[in-house]
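Chemist: Next up is a structure, given as C-alpha cells.
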Amino acid sequence: MLLTGFSIPVDMHALNLFERIRGGDGQYQAVLDGLLSDQRWGAPLGEEELLELLQASTDRKLLARGLTYLWYTGDLLQWTKLAHDELRPESLLTAATPPDFYAGLMWQAISAHPPALSGGYYGHWHYQPEN
Amino acid sequence: MEPLNELAFDVVVVGTGVCGALISHKLSQRGVRVLMLEAGPDQRANRIQMAGAYVASANRNLSAPYFDGIVPPDILGPDSSKGYYDQSSVRSEQLQSTFQRTVGGSTWHFLGNMPRFVPSDFELYSRYHKGVDWPISYEVLEPYYTIAEKEIGVAGDHDAWNDYLGAFRSKPYPMHAIWPAYGDKFFDSISGRSYQDESDGSARVVQVLRTPQARNSTIYDGRPACAGNSTCTPICPIQAKYDASVHIKKATATGAHLISSALVKKLEVDPKTGVITHLSVLRYGATAESREESLDISNKTVIIAANAIETPRLLLMSGISKGGVGLHLMDHLQGYALAEASEPIYPFRGPITTSGIDVFRDGKFRSESAAFRISIGNDGWGREGSPAKETWKLLLEDKFGPGLRAAVRDRLTRMHRISFSTEMLPEATNRVELSAKVDAFGLPRPKITFSFPDYNKRAFLHAGRVAEWLYKQTGWTQRPLDKLEPSGAGHIIGTTRMGTASSNSFADSFGAAHEHPNLYVAGPCLFPTAGTANPTLTAVALALRTADRLLQLLVP
Amino acid sequence: MTTPGFQYKIEISSRSDLLTLLNEACELEHGLACSYLYAAFSLKQQLEEGGLTWEQLHVVRRWAAQLYLVASQEMFHLAQVWNLQVAIGGTPYYMRPNFPVVSKYYPLGLGIALEPFSRQSIKRFIAYEMPRGMERKGQLGFVNEDSLDYRTVGELYDLIHAGFTALDGPDLFIGKPALQATPALIDFPEIVPVTKLADAHEAISRIVEQGEGGAIDHVDSHYGIFKSILEEYEQLTKSAEPQFQPVRPAVTNPALAPRPGYYHANQAFITNDFTAEVADLFDDLYVLMMRVLQFTFTIDEPRRRDLARYAIGMMPMVVKPLGDALMLLPAGRLFPGRSAGPAFTLGRHVPLPADFGLAIRLIKERSATLKDRLSSLAESSTALDQLQSAARNFTHLHDTL
C-alpha cells in the first residue's frame with residue numbers, strides 16, 4: 001500500500017516477486033538485506049515511519065522504485081538502471097513471467113486489463129470500465 | 001521427411017500467407033492438387049503459449065510470440081533478425097515495415113483493418129497525373145472484394161460505406177461492425193462537421209466511420225467473437241482476428257499438402273521458353289540436418305506468394321529481373337498526433353483502433369501531396385508511450401503509494417493518438433536488390449533503398465493540420481510533436497507490379513508473369529500504386545481473381 | 001409419456017394465441033439469458049483465485065467471454081421478440097418465473113436454474129439450443145421426446161413463424177411502426193424493425209440462426225459454442241491435474257428471504273448480511289433496468305434513445321460488476337465456504353405507466369434511491385473493486401436521465 005497504492009495480499013504471487021528481488025541481482029539483495037536487518041524493521045510501524053525507513057538512503061529509494069515497478073509491470077529492472085535511465089528492453093534484468101505480467105497493478109490502476117488476456121467479453125470496450 | 005518429388009500435385013504455392021493460403025484453398029476445394037511450401041515453421045498449435053511468450057519477452061515486439069530460440073532468426077524475418085535488411089542507417093531512409101515467416105504468414109500479427117481501396121486508387125495517373133493506373137478498375141475487383149470479405153470474415157457497416165468515395169458495394173459485410181471504443185464517442189460527436197481544406201480549397205465533411213476489420217463481432221467461421229484481448233498485433237490469443245491459418249486448415253482438409261520449414265532458394269528457368277522447370281528447396285529441421293531438394297515442376301504451375309521483399313528476392317536469386325523486379329517498393333508512411341483528453345477515455349481495452357476518417361483518401365490535392373487515411377487510436381499514445389514507460393516516468397518523479405496510483409490513472413486513461421497513413425508513389429529508386437551480405441543460409445540478404453519523398457512530407461503537414469483541427473474540436477490538449485519522422489505501416493507493396501506488358505510490369509492483372517508461362521505472383525507486390533488503405537483485402541481480392549483464372553485453366 | 005391432461009394448443013388461430021406464444025418466447029429468452037449469465041459469473045477470472053495455471057486462465061476467460069456473448073444475444077432476442085409483439089398490437093413482456101423453473105413449466109421439458117458452470121449446466125444449455133431435427137434421444141441425458149409441441153427453442157420459433165404466416169393479412173400488423181426499435185435506438189445492431197410478414201420472418205430466422213446455426217452447419221451458433229466449450233472442458237478435466245478448478249464455489253439458485261408462493265426447495269438463501277444487501281440491490285437494479293428497457297419499446301418519444309442507453313448501459317456497467325462481486329462474497333452460514341451469486345428476482349413491479357412524464361418521474365425517483373444505496377454500499381466496503389466501479393458507473397448513468 002505504501003509503495004503501490006494497492007493493498008496487496010501476501011500470497012504466492014507476492015512471495016514469488018520477493019524471490020525474484022532476492023535472487024535477482026547482488027545489489028537488490030544487499031540493499032534488501034540491509035533493510036531487513038535494520039533494527040527498526042519488524043517492529044509495528046506506522047506508515048510514516050515505514051516511509052522514512054524506505055527513504056533512509058538513495059539505495060533504499062532505488063529499491064523502493066524497483067520494487068514498485070516490479071509490482072506494477074511484472075518486470076524487474078537491472079539495479080544500475082534504477083537511477084534515471086530511459087526504459088529499454090536492455091534495461092530488464094528479468095522480464096515478467098505470464099502470471100506476474102497478468103498480476104501487474106498498472107492495468108488495475110487504469111481500469112484496463114493485461115494485454116493478451118481477455119478484458120471480459122465482446123463489446124466491453126464500448127462502455128465505461130467495470131473495474 | 002518425405003521427398004517432395006514423391007508428392008502428387010498440379011500447383012505449387014510458395015508462401016502460406018493469406019494470399020497463398022486462399023489460393024490453395026480455392027484450388028484444392030475444386031480438386032486441384034496443391035503443394036504449399038512455407039519457409040517458416042508451423043507454430044499453429046501453440047497459440048496460448050505464444051501469447052505467453054509475448055508478455056514474457058523483454059522487448060514485446062511484433063516477433064516476440066514467434067521467436068522460440070530454435071528456429072533460425074533469419075527464417076522468422078526482420079523482427080527476429082537484426083540486420084536482416086541491408087539498408088541505410090539513417091532512419092528516414094529505412095524501410096521500417098517487416099513481415100513474419102511462419103505458417104499463416106504476417107496475418108498472425110497484422111492489425112486486421114480491412115477497408116477496400118476506392119475507385120480513384122486504381123486511376124491515380126488518369127485523375128492526378130501521379131504514379132500509374134492499375135490495369136484493372138474498382139468495378140472489376142468489386143465482386144472479389146465481396147468474396148474476400150466473406151472468406152476472411154470482415155465486420156463492417158455496409159450502409160455507411162456503400163458508395164463512400166465512389167466505392168459501391170454489391171453485398172453487405174458478413175458481420176455487423178465491431179463496437180467502437182469508448183473514446184471514439186468524442187469523435188462521433190464531431191462527425192459531420194465541415195473542414196475547410198486549404199490544401200485544395202475545398203470544404204470536406206469529416207465523417208467518422210467504423211473501420212471494417214477482420215475481427216469477429218459474433219461467432220463466425222468457427223471462431224469466437226473478439227473479447228478484447230487488446231493484442232491484435234502481435235497475436236490474437238483466441239483467433240477472433242482472422243489469420244491465414246484459417247484457410248490453411250481448409251486447404252489441407254480438402255487435400256492440399258503443407259510442407260513447412262521448406263525454404264525455396266531458387267527457380268530454374270528454361271532459357272528458351274521461360275518455363276520454370278525446377279525449384280531448389282532447402283528443408284531444415286530442429287534436429288534433422290537440412291537437405292536440399294530439386295523439385296520438378298516443368299509441367300506444373302508455380303505461384304509465388306512470399307511478400308514484397310521475399311518474392312523479388314527469390315526471383316532475383318533465380319536470375320529473373322525483367323519487368324522491374326524489385327523496383328517500386330512502397331509502404332504507407334505513418335505519422336501521428338497525440339493529445340491528453342479532458343476526461344478519462346479508458347484506452348488499452350478492446351481492439352487497437354475501431355474508427356477512422358477516410359475523407360482525405362481522395363481529393364484534388366493528390367496531384368501535389370499524398371492522400372491519407374486517419375485512424376483513431378484506442379491504445380493511448382501507441383508506440384510513443386506504453387503504460388510501462390509512463391509509469392516509469394512517474395516513478396522517476398519519486399511518486400509512490402496512493403499518489404502514484406492516482407497519477408498513473410490520471411495520465412494513462414487520458415492518452416490518445418490519431419495516426420495517419422500516407423500513400424507512397426511508385427519510384428524506381430525505392431527498391432529491393434540482392435546484397436553482398438549473406439544470411440544464415442548463405443543467401444544474399446535483401447538490400448533495400450528507400451526514401452521519405454516530398455509527396456509524403458507534404459501529406460504529413462496536411463494530415464498534421466487535420467489532426468490539430470480534430471483535437472481542437474474535441475477540446476483536448478494536443479502534445480507538440482518535435483519531429484517529422486515517418487514510421488512504417490507494415491504494408492510492404494510493389495516490387496513485381498502488374499501492368500499491361502513486360503515493358504511496364506512483371507505480371508498481368510491475374511498475376512501471371514509476362515515472360516514465364518507457368519509462373520504466377522500473388523500479394524501486394526502486384527500493386528502498381530500503394531492505394532489509400534491497408535493492403536490485405538485488396539491483395540486477397542486479387543488473389544481470388546488469380547484463383548478463378550487458374551480454375552478456368554486447370555479444371556475442365 | 002405425456003403428462004396426463006396436458007394438451008398444448010399447437011395451431012395458432014388468433015392474434016391472442018400468437019401473443020401468448022410470443023410471451024412464452026420472451027420468458028424463455030429472458031430466463032436463458034439469466035442462466036447463461038450466472039454460469040459466466042461463476043468462472044474464475046484471476047490467477048489468485050487459485051485452481052488455474054496461466055494457460056488454463058486463458059481458456060476459462062475465453063469461455064466466460066463466450067457465455068457473456070450468448071447471454072447478450074439472448075437479450076437481443078428478447079428485444080427482437082418485443083418488436084414482434086409491438087408489431088401486432090401486443091405489449092412487450094418482461095416477466096418470467098423466478099428461479100429455479102421446474103422442468104414441467106415449459107414444453108421444453110427442461111428446468112432453468114441459476115447454476116454455476118459445470119458439465120451438467122453446459123449440457124443443459126446444449127439441450128435448449130439443440131438444432132431442430134437433430135437426433136436427441138439418449139444424448140446428454142436430457143430427453144423430452146414426448147413433448148406435444150416444442151422441445152427446443154428453435155421449435156418454439158417454428159410455431160411462431162407458422163403463426164405469423166397463418167395470420168398474415170391486412171389486420172395483422174396493426175402496431176404503430178414508429179414504435180419499432182431500430183439499431184439507431186438501441187445497442188443491438190442486428191435488430192429488425194417489423195411492419196410486415198417478411199420482416200417477421202427475417203427477425204425469427206435471425207434469432208434461430210444465432211441459437212442453433214444454419215441449416216447445414218451448426219458451428220457458428222449458441223449450440224456450437226456450448227458444444228465446443230464442453231469438449232474443451234472434458235479435455236482439460238481429463239488431461240489436466242486435479243488442481244484444475246475453474247469455477248467459483250457459488251451456490252445454486254441463490255435467493256433472498258423466502259417469499260410466499262416463490263418458495264422452492266432448491267433455493268439457497270443468502271444469510272450473510274452484507275452479501276444479502278448487495279444481492280437485494282442487484283435485484284432492484286436489474287428490475288429497474290428491465291422496466292426501463294421495456295418502456296422504451298412502448299413510447300414514440302425523442303427521449304427514448306436516452307432511456308435505452310441508460311437501460312442497456314446498466315448491463316455491462318452495473319449488473320455485470322455486481323454479479324461478479326456477488327460470486328466473490330460469502331453466501332452465509334448455511335453454506336460454509338460457498339459464495340453467493342445474483343438471484344435475478346423479479347418482484348411484483350408492473351410495467352411503467354404509459355404517461356411519459358409520469359414514467360420519467362418514477363424512473364428518476366427509483367434511480368436516485370438505488371444510486372444512493374449503491375454508493376453507500378461501495379463506501380462501506382472498499383475491498384471489492386467491482387462495487388466501487390458499479391457505483392461510479394451507475395452515478396454516471398443516473399446523471400444522464
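By order in the C-alpha cells, chains are A, B, ...; within a chain, residues start at 1; ligands start at 1, following the order shown.
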Select residues of chain B: the criterion is any atom within 8 Å of an atom of chain C, counting only C-alpha atoms; output as a ChimeraX atom specification.

Modeler: /B:48-49,176,218-225,227,238

Chemist: Using the selection just defined, write its residues with all heavy atoms as a CSV table (one decimal), in the first residue's frame.

Modeler:
chain,number,residue,atom,x,y,z
B,48,ILE,N,-1.8,-20.1,-27.3
B,48,ILE,CA,-1.7,-19.6,-25.9
B,48,ILE,C,-0.3,-19.5,-25.4
B,48,ILE,O,0.1,-18.5,-24.8
B,48,ILE,CB,-2.6,-20.5,-24.9
B,48,ILE,CG1,-4.1,-20.3,-25.3
B,48,ILE,CG2,-2.3,-20.1,-23.5
B,48,ILE,CD1,-5.0,-21.2,-24.4
B,49,GLN,N,0.5,-20.5,-25.7
B,49,GLN,CA,1.9,-20.4,-25.3
B,49,GLN,C,2.6,-19.2,-26.0
B,49,GLN,O,3.4,-18.5,-25.4
B,49,GLN,CB,2.7,-21.7,-25.8
B,49,GLN,CG,2.3,-22.9,-25.0
B,49,GLN,CD,2.7,-22.8,-23.5
B,49,GLN,OE1,3.6,-22.1,-23.2
B,49,GLN,NE2,1.9,-23.5,-22.7
B,176,HIS,N,-21.8,-7.5,-38.6
B,176,HIS,CA,-22.0,-6.1,-38.3
B,176,HIS,C,-20.7,-5.5,-37.7
B,176,HIS,O,-19.9,-6.2,-37.2
B,176,HIS,CB,-23.2,-5.8,-37.3
B,176,HIS,CG,-23.1,-6.5,-36.0
B,176,HIS,ND1,-22.3,-6.1,-35.0
B,176,HIS,CD2,-23.6,-7.7,-35.6
B,176,HIS,CE1,-22.4,-6.9,-34.0
B,176,HIS,NE2,-23.1,-7.9,-34.3
B,218,THR,N,-19.2,-11.4,-33.9
B,218,THR,CA,-20.1,-12.5,-33.3
B,218,THR,C,-19.3,-13.8,-33.7
B,218,THR,O,-18.3,-13.7,-34.3
B,218,THR,CB,-21.5,-12.5,-33.9
B,218,THR,OG1,-22.3,-13.5,-33.3
B,218,THR,CG2,-21.4,-12.7,-35.4
B,219,ILE,N,-19.8,-14.9,-33.3
B,219,ILE,CA,-19.1,-16.1,-33.6
B,219,ILE,C,-19.2,-16.3,-35.2
B,219,ILE,O,-20.3,-16.2,-35.7
B,219,ILE,CB,-19.6,-17.3,-32.8
B,219,ILE,CG1,-18.9,-18.6,-33.3
B,219,ILE,CG2,-21.1,-17.5,-32.9
B,219,ILE,CD1,-19.1,-19.8,-32.3
B,220,TYR,N,-18.1,-16.6,-35.8
B,220,TYR,CA,-18.1,-16.6,-37.3
B,220,TYR,C,-17.0,-17.6,-37.7
B,220,TYR,O,-15.9,-17.6,-37.2
B,220,TYR,CB,-17.7,-15.3,-37.8
B,220,TYR,CG,-17.8,-15.2,-39.3
B,220,TYR,CD1,-19.0,-15.0,-40.0
B,220,TYR,CD2,-16.7,-15.3,-40.1
B,220,TYR,CE1,-19.1,-14.9,-41.4
B,220,TYR,CE2,-16.7,-15.2,-41.5
B,220,TYR,CZ,-17.9,-15.0,-42.1
B,220,TYR,OH,-18.0,-14.9,-43.5
B,221,ASP,N,-17.4,-18.5,-38.6
B,221,ASP,CA,-16.4,-19.5,-39.2
B,221,ASP,C,-15.8,-20.3,-38.1
B,221,ASP,O,-14.6,-20.7,-38.2
B,221,ASP,CB,-15.4,-18.7,-40.0
B,221,ASP,CG,-14.8,-19.6,-41.2
B,221,ASP,OD1,-15.4,-20.7,-41.4
B,221,ASP,OD2,-13.8,-19.2,-41.8
B,222,GLY,N,-16.5,-20.6,-37.1
B,222,GLY,CA,-16.0,-21.5,-36.0
B,222,GLY,C,-15.0,-20.8,-35.1
B,222,GLY,O,-14.4,-21.4,-34.2
B,223,ARG,N,-14.9,-19.4,-35.2
B,223,ARG,CA,-14.0,-18.7,-34.4
B,223,ARG,C,-14.9,-17.8,-33.5
B,223,ARG,O,-15.9,-17.3,-33.9
B,223,ARG,CB,-13.0,-17.9,-35.2
B,223,ARG,CG,-12.1,-18.8,-36.0
B,223,ARG,CD,-11.1,-17.9,-36.8
B,223,ARG,NE,-11.7,-17.3,-38.0
B,223,ARG,CZ,-11.8,-16.0,-38.2
B,223,ARG,NH1,-11.3,-15.2,-37.3
B,223,ARG,NH2,-12.4,-15.6,-39.3
B,224,PRO,N,-14.4,-17.5,-32.3
B,224,PRO,CA,-15.2,-16.7,-31.3
B,224,PRO,C,-15.2,-15.2,-31.7
B,224,PRO,O,-14.5,-14.7,-32.5
B,224,PRO,CB,-14.5,-16.9,-30.0
B,224,PRO,CG,-13.1,-17.2,-30.4
B,224,PRO,CD,-13.1,-17.9,-31.7
B,225,ALA,N,-16.2,-14.5,-31.0
B,225,ALA,CA,-16.2,-13.0,-31.2
B,225,ALA,C,-15.0,-12.5,-30.4
B,225,ALA,O,-14.5,-13.0,-29.5
B,225,ALA,CB,-17.5,-12.5,-30.6
B,227,ALA,N,-12.9,-10.7,-27.9
B,227,ALA,CA,-13.2,-10.5,-26.4
B,227,ALA,C,-12.3,-9.4,-25.8
B,227,ALA,O,-12.2,-9.2,-24.6
B,227,ALA,CB,-13.0,-11.8,-25.7
B,238,ILE,N,-7.1,-15.7,-29.1
B,238,ILE,CA,-8.3,-16.5,-29.2
B,238,ILE,C,-8.8,-16.6,-30.7
B,238,ILE,O,-9.8,-17.2,-31.0
B,238,ILE,CB,-9.5,-16.0,-28.4
B,238,ILE,CG1,-10.0,-14.6,-28.9
B,238,ILE,CG2,-9.1,-15.9,-26.9
B,238,ILE,CD1,-11.3,-14.1,-28.2

Chemist: Could you give me, as a PDB file with N, CA and C atoms, in the first residue's frame, the residues within 12 Å of Glu241 of chain C, counting only C-alpha atoms and dropping anything in the same chain fewer than 6 positions from it?

Modeler:
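Written out: around_20.pdb:
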ATOM      1  N   GLY C  51      -6.470 -22.613  -8.508  1.00  0.00           N
ATOM      2  CA  GLY C  51      -7.054 -23.683  -9.313  1.00  0.00           C
ATOM      3  C   GLY C  51      -6.816 -23.579 -10.805  1.00  0.00           C
ATOM      4  N   LEU C  52      -5.987 -22.611 -11.210  1.00  0.00           N
ATOM      5  CA  LEU C  52      -5.746 -22.439 -12.645  1.00  0.00           C
ATOM      6  C   LEU C  52      -4.287 -22.117 -12.919  1.00  0.00           C
ATOM      7  N   THR C  53      -3.750 -22.727 -13.961  1.00  0.00           N
ATOM      8  CA  THR C  53      -2.465 -22.250 -14.462  1.00  0.00           C
ATOM      9  C   THR C  53      -2.761 -21.060 -15.377  1.00  0.00           C
ATOM     10  N   GLN C  56      -4.472 -22.181 -18.476  1.00  0.00           N
ATOM     11  CA  GLN C  56      -5.885 -22.515 -18.261  1.00  0.00           C
ATOM     12  C   GLN C  56      -6.721 -21.256 -18.064  1.00  0.00           C
ATOM     13  N   GLN C 235     -11.822 -32.222 -22.114  1.00  0.00           N
ATOM     14  CA  GLN C 235     -10.416 -32.481 -22.402  1.00  0.00           C
ATOM     15  C   GLN C 235      -9.523 -31.990 -21.267  1.00  0.00           C
TER      16      GLN C 235
END

Chemist: Quick one: residues within 10 Å of segment 75-83 of chain A, only C-alpha atoms counted, chain neighbours fewer than 6 positions away excluded, as a PyMOL selection string?

Modeler: (chain A and resi 17+20-21+24-28+58-59+61-69+89-97+100-101+104) or (chain B and resi 56-58+388+392+395-396)

Chemist: Each residue of chain A lying at most 6 Å from chain B should get a row with its shortest atom-to-atom pair and the distance in Å to one decimal, counting only C-alpha atoms; could you produce that, ordered by chain and increasing number, as a tab-separated table?

Modeler:
residue	atom	partner	partner_atom	distance
A:Met1	CA	B:Gly401	CA	5.9
A:Leu2	CA	B:Gly401	CA	4.8
A:Leu3	CA	B:Gly401	CA	4.2
A:Thr4	CA	B:Gly401	CA	4.4
A:Gly5	CA	B:Gly401	CA	3.9
A:Pro89	CA	B:Asn59	CA	4.9
A:Ala95	CA	B:Ala58	CA	5.4
A:Ala96	CA	B:Ala56	CA	5.2
A:Thr97	CA	B:Ala56	CA	5.1
A:Pro98	CA	B:Gly52	CA	5.6
A:Ala109	CA	B:Arg409	CA	5.6
A:Ile110	CA	B:Arg409	CA	4.7
A:Ala112	CA	B:Arg349	CA	5.8
A:Pro115	CA	B:Ser230	CA	5.4
A:Ala116	CA	B:Asn229	CA	4.8
A:Leu117	CA	B:Asn229	CA	5.1
A:Ser118	CA	B:Asn229	CA	4.0
A:Gly119	CA	B:Gly228	CA	5.5
A:Tyr121	CA	B:Ala227	CA	4.4
A:Tyr122	CA	B:Ala227	CA	4.5
A:Gly123	CA	B:Trp179	CA	5.8
A:Trp125	CA	B:Gly350	CA	5.2
A:His126	CA	B:Tyr182	CA	4.4
A:Tyr127	CA	B:Tyr182	CA	5.6

Chemist: Report as JSON lines the residues of chain A within 6 Å of chain C, each with its shortest atom pair and distance in Å (one decimal), using only C-alpha atoms, ordered by chain and increasing residue number.

Modeler:
{"residue": "A:Gly120", "atom": "CA", "partner": "C:Ala65", "partner_atom": "CA", "distance": 5.6}
{"residue": "A:Tyr121", "atom": "CA", "partner": "C:Ala65", "partner_atom": "CA", "distance": 4.1}
{"residue": "A:Glu130", "atom": "CA", "partner": "C:Ser389", "partner_atom": "CA", "distance": 5.5}
{"residue": "A:Asn131", "atom": "CA", "partner": "C:Ser389", "partner_atom": "CA", "distance": 5.6}

Chemist: Using DSSP on the backbone coordinates, identify the residues of segment 7-200 of chain B assigned to alpha helix (DSSP H); present them as a count of residues only.

Modeler: 53

Chemist: Quick one: DSSP strand (DSSP E) residues in segment 19-107 of chain A, as number ranges by chain?

Modeler: A: 76-77, 92-94

Chemist: Excluding segment 32-40 of chain B and any residue of its chain fewer than 6 positions from it, enumerate the residues within 8 Å of it, using only C-alpha atoms, and give them as a ChimeraX atom specification.

Modeler: /B:8-16,20,24,75-76,101-103,255-264,554-555

Chemist: Output N, CA, C and O atoms for every residue in the selection just made, as a CSV table (one decimal), in the first residue's frame.

Modeler:
chain,number,residue,atom,x,y,z
B,8,ALA,N,2.1,-35.9,-55.1
B,8,ALA,CA,1.4,-35.7,-56.3
B,8,ALA,C,0.7,-34.3,-56.2
B,8,ALA,O,0.0,-34.0,-55.3
B,9,PHE,N,1.0,-33.4,-57.2
B,9,PHE,CA,0.4,-32.1,-57.2
B,9,PHE,C,0.4,-31.5,-58.6
B,9,PHE,O,1.2,-31.9,-59.4
B,10,ASP,N,-0.5,-30.5,-58.8
B,10,ASP,CA,-0.6,-29.8,-60.0
B,10,ASP,C,0.0,-28.4,-59.9
B,10,ASP,O,0.5,-27.8,-60.9
B,11,VAL,N,-0.2,-27.9,-58.7
B,11,VAL,CA,0.2,-26.5,-58.5
B,11,VAL,C,1.1,-26.4,-57.2
B,11,VAL,O,0.7,-27.1,-56.2
B,12,VAL,N,2.2,-25.6,-57.2
B,12,VAL,CA,2.9,-25.4,-56.0
B,12,VAL,C,2.8,-24.0,-55.6
B,12,VAL,O,3.0,-23.1,-56.5
B,13,VAL,N,2.5,-23.7,-54.4
B,13,VAL,CA,2.3,-22.4,-53.9
B,13,VAL,C,3.5,-22.1,-52.9
B,13,VAL,O,3.6,-22.9,-51.9
B,14,VAL,N,4.2,-21.1,-53.2
B,14,VAL,CA,5.4,-20.7,-52.3
B,14,VAL,C,5.0,-19.6,-51.4
B,14,VAL,O,4.7,-18.5,-51.8
B,15,GLY,N,4.9,-19.9,-50.1
B,15,GLY,CA,4.4,-18.9,-49.1
B,15,GLY,C,3.0,-19.2,-48.7
B,15,GLY,O,2.1,-19.4,-49.5
B,16,THR,N,2.8,-19.2,-47.4
B,16,THR,CA,1.4,-19.6,-46.9
B,16,THR,C,0.8,-18.4,-46.1
B,16,THR,O,0.1,-18.6,-45.1
B,20,GLY,N,-1.4,-16.9,-50.4
B,20,GLY,CA,-1.1,-18.3,-50.8
B,20,GLY,C,-2.1,-19.3,-50.2
B,20,GLY,O,-2.5,-20.2,-50.8
B,24,SER,N,-4.6,-21.6,-52.4
B,24,SER,CA,-4.5,-23.1,-52.2
B,24,SER,C,-5.9,-23.6,-51.8
B,24,SER,O,-6.3,-24.7,-52.3
B,75,ILE,N,15.1,-17.0,-40.6
B,75,ILE,CA,13.9,-17.6,-41.2
B,75,ILE,C,12.7,-16.8,-40.7
B,75,ILE,O,11.8,-16.5,-41.6
B,76,LEU,N,12.6,-16.5,-39.5
B,76,LEU,CA,11.4,-15.8,-39.0
B,76,LEU,C,11.2,-14.4,-39.6
B,76,LEU,O,10.1,-14.0,-39.8
B,101,ARG,N,7.6,-14.8,-41.0
B,101,ARG,CA,7.6,-16.1,-41.8
B,101,ARG,C,7.3,-17.2,-40.8
B,101,ARG,O,8.0,-17.6,-39.9
B,102,THR,N,6.0,-17.7,-41.0
B,102,THR,CA,5.5,-18.8,-40.2
B,102,THR,C,4.3,-19.3,-41.0
B,102,THR,O,3.9,-18.6,-41.9
B,103,VAL,N,3.8,-20.5,-40.7
B,103,VAL,CA,2.7,-21.0,-41.5
B,103,VAL,C,1.5,-20.0,-41.1
B,103,VAL,O,1.1,-19.9,-40.0
B,255,GLY,N,-7.3,-31.7,-49.1
B,255,GLY,CA,-6.3,-32.5,-49.7
B,255,GLY,C,-5.0,-31.8,-50.0
B,255,GLY,O,-4.1,-32.4,-50.5
B,256,ALA,N,-4.9,-30.5,-49.8
B,256,ALA,CA,-3.6,-29.8,-50.1
B,256,ALA,C,-2.5,-30.3,-49.2
B,256,ALA,O,-2.8,-30.6,-48.0
B,257,HIS,N,-1.3,-30.4,-49.7
B,257,HIS,CA,-0.1,-30.8,-48.8
B,257,HIS,C,0.5,-29.5,-48.3
B,257,HIS,O,0.7,-28.5,-49.1
B,258,LEU,N,0.8,-29.5,-47.0
B,258,LEU,CA,1.5,-28.4,-46.5
B,258,LEU,C,2.9,-28.8,-46.0
B,258,LEU,O,3.0,-29.8,-45.2
B,259,ILE,N,3.9,-28.2,-46.5
B,259,ILE,CA,5.3,-28.6,-46.0
B,259,ILE,C,5.9,-27.3,-45.5
B,259,ILE,O,6.1,-26.3,-46.2
B,260,SER,N,6.1,-27.3,-44.2
B,260,SER,CA,6.7,-26.1,-43.6
B,260,SER,C,8.2,-26.3,-43.4
B,260,SER,O,8.7,-27.4,-43.7
B,261,SER,N,8.9,-25.3,-43.0
B,261,SER,CA,10.4,-25.3,-42.9
B,261,SER,C,11.0,-25.8,-44.2
B,261,SER,O,11.9,-26.6,-44.3
B,262,ALA,N,10.4,-25.2,-45.3
B,262,ALA,CA,10.9,-25.6,-46.6
B,262,ALA,C,11.2,-24.2,-47.3
B,262,ALA,O,10.2,-23.6,-47.8
B,263,LEU,N,12.4,-23.9,-47.4
B,263,LEU,CA,12.8,-22.6,-48.0
B,263,LEU,C,13.1,-22.7,-49.4
B,263,LEU,O,14.1,-23.5,-49.8
B,264,VAL,N,12.4,-22.0,-50.3
B,264,VAL,CA,12.7,-22.1,-51.7
B,264,VAL,C,13.8,-21.1,-52.0
B,264,VAL,O,13.7,-19.9,-51.7
B,554,LEU,N,-7.3,-24.9,-65.2
B,554,LEU,CA,-6.9,-26.2,-64.8
B,554,LEU,C,-8.1,-27.2,-64.6
B,554,LEU,O,-7.9,-28.4,-64.6
B,555,VAL,N,-9.3,-26.6,-64.4
B,555,VAL,CA,-10.4,-27.5,-64.2
B,555,VAL,C,-11.3,-27.5,-65.4
B,555,VAL,O,-11.9,-26.4,-65.7

Chemist: Interatomic distance between atom CA of Phe76 of chain C and atom CA of Gly214 of chain C?

Modeler: 18.4 Å
